[in-house]
Amino acid sequence: MPFICLAIPWEVYFYSAYSQGWGIKFSVFYANFDIIYGTIFVSIIKQMTLLSMGGFLPSIRTLGWVIASFICIGLAAYELLKDNIEKEIDTKTAGYILITCGILSLISSLAVWNSSFKTLPIAPLFFGAFGYILLQAAGNDTID
């Protein structure tokens with residue numbers, strides 16, 4: 001599960017308003033490939049410093065991405081270190097956490113969708129599918 005949260009691209013986006021280019025977003029950074037400005041890598045920390053710029057919907061986009069990233073990073077850290085942690089997270093809870101990350105990343109992807117900025121959300125599909133699988137596995141465990 002840590003691989004899912006950290007390694008898959010969360011979205012691919014395309015824009016054409018003030019410049020032309022495309023980008024790919026991961027959990028803690030995104031890479032922007034712009035015709036005018038060149039290649040830019042932005043971390044989640046840098047994006048948080050720009051939160052008030054751009055208005056309400058870009059802020060919703062950033063907050064959805066940041067919250068989902070922190071939740072996924074926390075879940076990934078838990079999965080990697082769970083042998084050393086006394087508190088155990090139930091499989092059902094992990095499934096709900098992944099589905100929550102999927103919803104937040106979908107909100108983040110669609111918040112600024114318009115004629116000049118389009119996204120192809122990838123992470124919500126993975127998070128939703130794996131969250132569902134975990135919920136089904138937890139349901140089967142309680143039946144047995």
# chains A, B, ... in the order shown; residues from 1 in each chain; ligands from 1

$ residues_around --residues "Leu63 of chain A" --least-positions-apart "5" --cutoff "9 Å" --atoms "only C-alpha atoms" --output "list in words"
Met48, Leu51, Pro58, Ala68, Leu104 and Ser108 of chain A

$ select_by_dssp --residues "segment 54-130 of chain A" --states "helix (DSSP H, G or I)" --output "JSON, numbers by chain"
{"A": [56, 57, 58, 59, 60, 61, 62, 63, 64, 65, 66, 67, 68, 69, 70, 71, 72, 73, 74, 75, 76, 77, 78, 79, 80, 81, 82, 83, 84, 91, 92, 93, 94, 95, 96, 97, 98, 99, 100, 101, 102, 103, 104, 105, 106, 107, 108, 109, 110, 123, 124, 125, 126, 127, 128, 129, 130]}

$ closest_residue --among "A:Ser52, A:Ser19, A:Ser27, A:Ser115" --to "Ala76 of chain A" --atoms "only C-alpha atoms"
A:Ser27

$ residues_around --residues "Trp22 of chain A" --least-positions-apart "6" --cutoff "8 Å" --atoms "only C-alpha atoms" --output "PyMOL selection string"
chain A and resi 12-15+32-34

$ residues_around --residues "Ala138 of chain A" --least-positions-apart "5" --cutoff "10 Å" --atoms "only C-alpha atoms" --output "number ranges by chain"
A: 90-95, 132-133, 143

$ closest_residue --among "A:Leu50, A:Leu57, A:Ile45, A:Ala31" --to "Ser69 of chain A" --atoms "only C-alpha atoms"
A:Ile45

$ select_by_dssp --residues "chain A" --states "strand (DSSP E)" --output "short mmCIF file (atom, residue, chain, number, x, y, z; two decimals) with all heavy atoms, in the first residue's frame"
data_model
loop_
_atom_site.label_atom_id
_atom_site.label_comp_id
_atom_site.auth_asym_id
_atom_site.auth_seq_id
_atom_site.Cartn_x
_atom_site.Cartn_y
_atom_site.Cartn_z
N GLU A 11 -2.40 12.85 -10.93
CA GLU A 11 -3.15 13.39 -12.06
C GLU A 11 -2.18 13.87 -13.12
O GLU A 11 -1.01 14.12 -12.85
CB GLU A 11 -4.07 14.54 -11.65
CG GLU A 11 -3.34 15.81 -11.34
CD GLU A 11 -4.25 16.97 -10.95
OE1 GLU A 11 -5.39 16.74 -10.54
OE2 GLU A 11 -3.79 18.12 -11.04
N VAL A 12 -2.70 13.98 -14.31
CA VAL A 12 -2.01 14.64 -15.42
C VAL A 12 -2.90 15.80 -15.79
O VAL A 12 -4.12 15.65 -15.89
CB VAL A 12 -1.82 13.68 -16.61
CG1 VAL A 12 -1.16 14.40 -17.77
CG2 VAL A 12 -1.02 12.46 -16.20
N TYR A 13 -2.32 16.99 -15.96
CA TYR A 13 -3.14 18.15 -16.28
C TYR A 13 -2.58 18.88 -17.50
O TYR A 13 -1.39 18.78 -17.82
CB TYR A 13 -3.27 19.10 -15.09
CG TYR A 13 -1.96 19.61 -14.54
CD1 TYR A 13 -1.38 20.79 -15.02
CD2 TYR A 13 -1.30 18.93 -13.53
CE1 TYR A 13 -0.20 21.26 -14.51
CE2 TYR A 13 -0.12 19.39 -13.01
CZ TYR A 13 0.43 20.56 -13.50
OH TYR A 13 1.62 21.01 -13.00
N PHE A 14 -3.47 19.57 -18.17
CA PHE A 14 -3.15 20.30 -19.40
C PHE A 14 -3.75 21.69 -19.29
O PHE A 14 -4.86 21.85 -18.78
CB PHE A 14 -3.75 19.58 -20.62
CG PHE A 14 -3.41 18.13 -20.68
CD1 PHE A 14 -4.24 17.17 -20.11
CD2 PHE A 14 -2.25 17.72 -21.31
CE1 PHE A 14 -3.92 15.83 -20.15
CE2 PHE A 14 -1.93 16.37 -21.35
CZ PHE A 14 -2.76 15.43 -20.78
N TYR A 15 -3.03 22.70 -19.74
CA TYR A 15 -3.55 24.06 -19.66
C TYR A 15 -3.16 24.85 -20.89
O TYR A 15 -2.19 24.55 -21.58
CB TYR A 15 -3.07 24.76 -18.38
CG TYR A 15 -1.58 24.82 -18.26
CD1 TYR A 15 -0.86 25.90 -18.75
CD2 TYR A 15 -0.87 23.79 -17.66
CE1 TYR A 15 0.51 25.96 -18.64
CE2 TYR A 15 0.50 23.84 -17.53
CZ TYR A 15 1.19 24.92 -18.03
OH TYR A 15 2.55 24.98 -17.92
N GLY A 21 1.06 24.13 -21.80
CA GLY A 21 1.89 23.09 -21.24
C GLY A 21 1.07 22.01 -20.59
O GLY A 21 -0.15 21.95 -20.74
N TRP A 22 1.77 21.17 -19.87
CA TRP A 22 1.12 20.09 -19.17
C TRP A 22 1.93 19.79 -17.92
O TRP A 22 3.05 20.28 -17.76
CB TRP A 22 0.98 18.85 -20.05
CG TRP A 22 2.29 18.21 -20.40
CD1 TRP A 22 3.18 18.62 -21.34
CD2 TRP A 22 2.86 17.05 -19.78
NE1 TRP A 22 4.27 17.79 -21.35
CE2 TRP A 22 4.09 16.82 -20.41
CE3 TRP A 22 2.44 16.21 -18.77
CZ2 TRP A 22 4.91 15.75 -20.05
CZ3 TRP A 22 3.26 15.14 -18.41
CH2 TRP A 22 4.47 14.93 -19.05
N GLY A 23 1.35 19.03 -17.04
CA GLY A 23 2.05 18.69 -15.82
C GLY A 23 1.62 17.34 -15.31
O GLY A 23 0.61 16.78 -15.74
N ILE A 24 2.39 16.82 -14.38
CA ILE A 24 2.06 15.56 -13.73
C ILE A 24 2.24 15.76 -12.23
O ILE A 24 3.24 16.33 -11.80
CB ILE A 24 2.92 14.41 -14.29
CG1 ILE A 24 2.46 13.08 -13.71
CG2 ILE A 24 4.39 14.65 -14.06
CD1 ILE A 24 3.02 11.87 -14.44
N LYS A 25 1.23 15.37 -11.48
CA LYS A 25 1.25 15.58 -10.03
C LYS A 25 1.38 14.25 -9.31
O LYS A 25 0.69 13.29 -9.63
CB LYS A 25 -0.04 16.27 -9.58
CG LYS A 25 -0.05 16.63 -8.11
CD LYS A 25 -1.39 17.16 -7.66
CE LYS A 25 -1.61 18.54 -8.21
NZ LYS A 25 -2.83 19.16 -7.68
N PHE A 29 4.91 16.34 -4.83
CA PHE A 29 5.43 17.35 -5.75
C PHE A 29 4.72 17.20 -7.09
O PHE A 29 4.06 16.21 -7.36
CB PHE A 29 6.95 17.21 -5.95
CG PHE A 29 7.37 16.07 -6.82
CD1 PHE A 29 7.58 16.25 -8.18
CD2 PHE A 29 7.53 14.80 -6.29
CE1 PHE A 29 7.96 15.19 -8.98
CE2 PHE A 29 7.90 13.73 -7.09
CZ PHE A 29 8.12 13.93 -8.43
N TYR A 30 4.85 18.24 -7.89
CA TYR A 30 4.41 18.10 -9.27
C TYR A 30 5.44 18.68 -10.20
O TYR A 30 6.23 19.55 -9.82
CB TYR A 30 3.02 18.69 -9.51
CG TYR A 30 2.87 20.18 -9.36
CD1 TYR A 30 3.13 21.04 -10.42
CD2 TYR A 30 2.43 20.73 -8.16
CE1 TYR A 30 2.97 22.41 -10.29
CE2 TYR A 30 2.26 22.08 -8.02
CZ TYR A 30 2.53 22.92 -9.08
OH TYR A 30 2.37 24.28 -8.94
N ALA A 31 5.45 18.18 -11.40
CA ALA A 31 6.36 18.65 -12.44
C ALA A 31 5.51 19.32 -13.52
O ALA A 31 4.54 18.75 -14.00
CB ALA A 31 7.14 17.49 -13.03
N ASN A 32 5.88 20.54 -13.85
CA ASN A 32 5.15 21.31 -14.83
C ASN A 32 6.05 21.53 -16.05
O ASN A 32 7.18 22.00 -15.91
CB ASN A 32 4.77 22.66 -14.19
CG ASN A 32 3.67 23.34 -14.94
OD1 ASN A 32 2.67 22.73 -15.24
ND2 ASN A 32 3.86 24.60 -15.24
N PHE A 33 5.57 21.18 -17.21
CA PHE A 33 6.34 21.31 -18.44
C PHE A 33 5.65 22.36 -19.30
O PHE A 33 4.64 22.11 -19.93
CB PHE A 33 6.42 19.96 -19.16
CG PHE A 33 6.95 18.87 -18.28
CD1 PHE A 33 6.09 17.99 -17.65
CD2 PHE A 33 8.31 18.75 -18.05
CE1 PHE A 33 6.56 16.99 -16.84
CE2 PHE A 33 8.80 17.75 -17.23
CZ PHE A 33 7.93 16.87 -16.62
N ASP A 34 6.21 23.57 -19.28
CA ASP A 34 5.59 24.73 -19.91
C ASP A 34 6.39 25.15 -21.14
O ASP A 34 7.62 25.15 -21.12
CB ASP A 34 5.54 25.87 -18.88
CG ASP A 34 4.64 26.98 -19.33
OD1 ASP A 34 5.02 27.72 -20.24
OD2 ASP A 34 3.54 27.10 -18.76
N GLY A 38 9.38 26.73 -19.26
CA GLY A 38 10.24 25.57 -19.12
C GLY A 38 9.71 24.58 -18.09
O GLY A 38 8.55 24.61 -17.72
N THR A 39 10.60 23.75 -17.60
CA THR A 39 10.22 22.72 -16.63
C THR A 39 10.35 23.27 -15.22
O THR A 39 11.38 23.85 -14.86
CB THR A 39 11.13 21.49 -16.80
OG1 THR A 39 10.99 21.01 -18.14
CG2 THR A 39 10.74 20.39 -15.83
N ILE A 40 9.31 23.09 -14.44
CA ILE A 40 9.28 23.58 -13.07
C ILE A 40 8.84 22.42 -12.17
O ILE A 40 7.85 21.75 -12.46
CB ILE A 40 8.28 24.74 -12.93
CG1 ILE A 40 8.63 25.87 -13.88
CG2 ILE A 40 8.23 25.23 -11.48
CD1 ILE A 40 7.54 26.93 -14.00
N PHE A 41 9.57 22.20 -11.09
CA PHE A 41 9.19 21.22 -10.08
C PHE A 41 8.76 21.98 -8.83
O PHE A 41 9.48 22.84 -8.36
CB PHE A 41 10.35 20.28 -9.74
CG PHE A 41 10.72 19.38 -10.88
CD1 PHE A 41 11.72 19.72 -11.77
CD2 PHE A 41 10.04 18.18 -11.08
CE1 PHE A 41 12.06 18.90 -12.81
CE2 PHE A 41 10.37 17.35 -12.13
CZ PHE A 41 11.38 17.70 -13.00
N VAL A 42 7.57 21.68 -8.33
CA VAL A 42 7.03 22.37 -7.16
C VAL A 42 6.69 21.34 -6.09
O VAL A 42 5.94 20.40 -6.36
CB VAL A 42 5.78 23.20 -7.52
CG1 VAL A 42 5.21 23.89 -6.30
CG2 VAL A 42 6.11 24.21 -8.60
N SER A 43 7.24 21.55 -4.90
CA SER A 43 6.93 20.64 -3.79
C SER A 43 5.64 21.08 -3.12
O SER A 43 5.17 22.21 -3.28
CB SER A 43 8.07 20.63 -2.78
OG SER A 43 8.08 21.86 -2.07
N PHE A 117 -8.07 24.66 -18.48
CA PHE A 117 -7.32 23.81 -17.56
C PHE A 117 -8.10 22.52 -17.35
O PHE A 117 -9.20 22.52 -16.81
CB PHE A 117 -7.12 24.51 -16.21
CG PHE A 117 -6.18 23.78 -15.29
CD1 PHE A 117 -4.83 24.09 -15.29
CD2 PHE A 117 -6.63 22.78 -14.44
CE1 PHE A 117 -3.95 23.42 -14.46
CE2 PHE A 117 -5.77 22.10 -13.61
CZ PHE A 117 -4.42 22.43 -13.62
N LYS A 118 -7.53 21.42 -17.82
CA LYS A 118 -8.19 20.13 -17.71
C LYS A 118 -7.26 19.14 -17.02
O LYS A 118 -6.06 19.20 -17.19
CB LYS A 118 -8.58 19.62 -19.09
CG LYS A 118 -9.58 20.53 -19.76
CD LYS A 118 -10.14 19.91 -20.99
CE LYS A 118 -11.19 20.69 -21.68
NZ LYS A 118 -11.47 22.01 -21.37
N THR A 119 -7.86 18.25 -16.26
CA THR A 119 -7.08 17.24 -15.56
C THR A 119 -7.57 15.85 -15.92
O THR A 119 -8.73 15.64 -16.28
CB THR A 119 -7.17 17.40 -14.03
OG1 THR A 119 -8.52 17.21 -13.64
CG2 THR A 119 -6.68 18.75 -13.58
N LEU A 120 -6.67 14.91 -15.81
CA LEU A 120 -6.99 13.51 -15.93
C LEU A 120 -6.66 12.87 -14.58
O LEU A 120 -5.51 12.55 -14.30
CB LEU A 120 -6.18 12.85 -17.04
CG LEU A 120 -6.33 11.34 -17.20
CD1 LEU A 120 -7.76 10.99 -17.59
CD2 LEU A 120 -5.35 10.83 -18.23
N PRO A 121 -7.66 12.76 -13.68
CA PRO A 121 -7.39 12.22 -12.34
C PRO A 121 -7.09 10.72 -12.42
O PRO A 121 -7.84 9.95 -13.01
CB PRO A 121 -8.69 12.45 -11.57
CG PRO A 121 -9.58 13.25 -12.46
CD PRO A 121 -9.03 13.19 -13.84
#

$ closest_residue --among "A:Leu81, A:Ala123, A:Ile99, A:Ile89" --to "Leu6 of chain A" --atoms "only C-alpha atoms"
A:Ala123

$ closest_residue --among "A:Ala111, A:Leu75, A:Ile97, A:Leu106" --to "Gly131 of chain A" --atoms "only C-alpha atoms"
A:Ile97

$ closest_residue --among "A:Thr49, A:Ser105, A:Asn84, A:Thr62" --to "Cys5 of chain A" --atoms "only C-alpha atoms"
A:Ser105

$ atom_distance --atom1 "atom CA of Val66 of chain A" --atom2 "atom CA of Leu110 of chain A"
14.8 Å

$ atom_distance --atom1 "atom CA of Gln136 of chain A" --atom2 "atom CA of Ser109 of chain A"
26.7 Å

$ atom_distance --atom1 "atom CA of Gly128 of chain A" --atom2 "atom CA of Ile85 of chain A"
26.1 Å
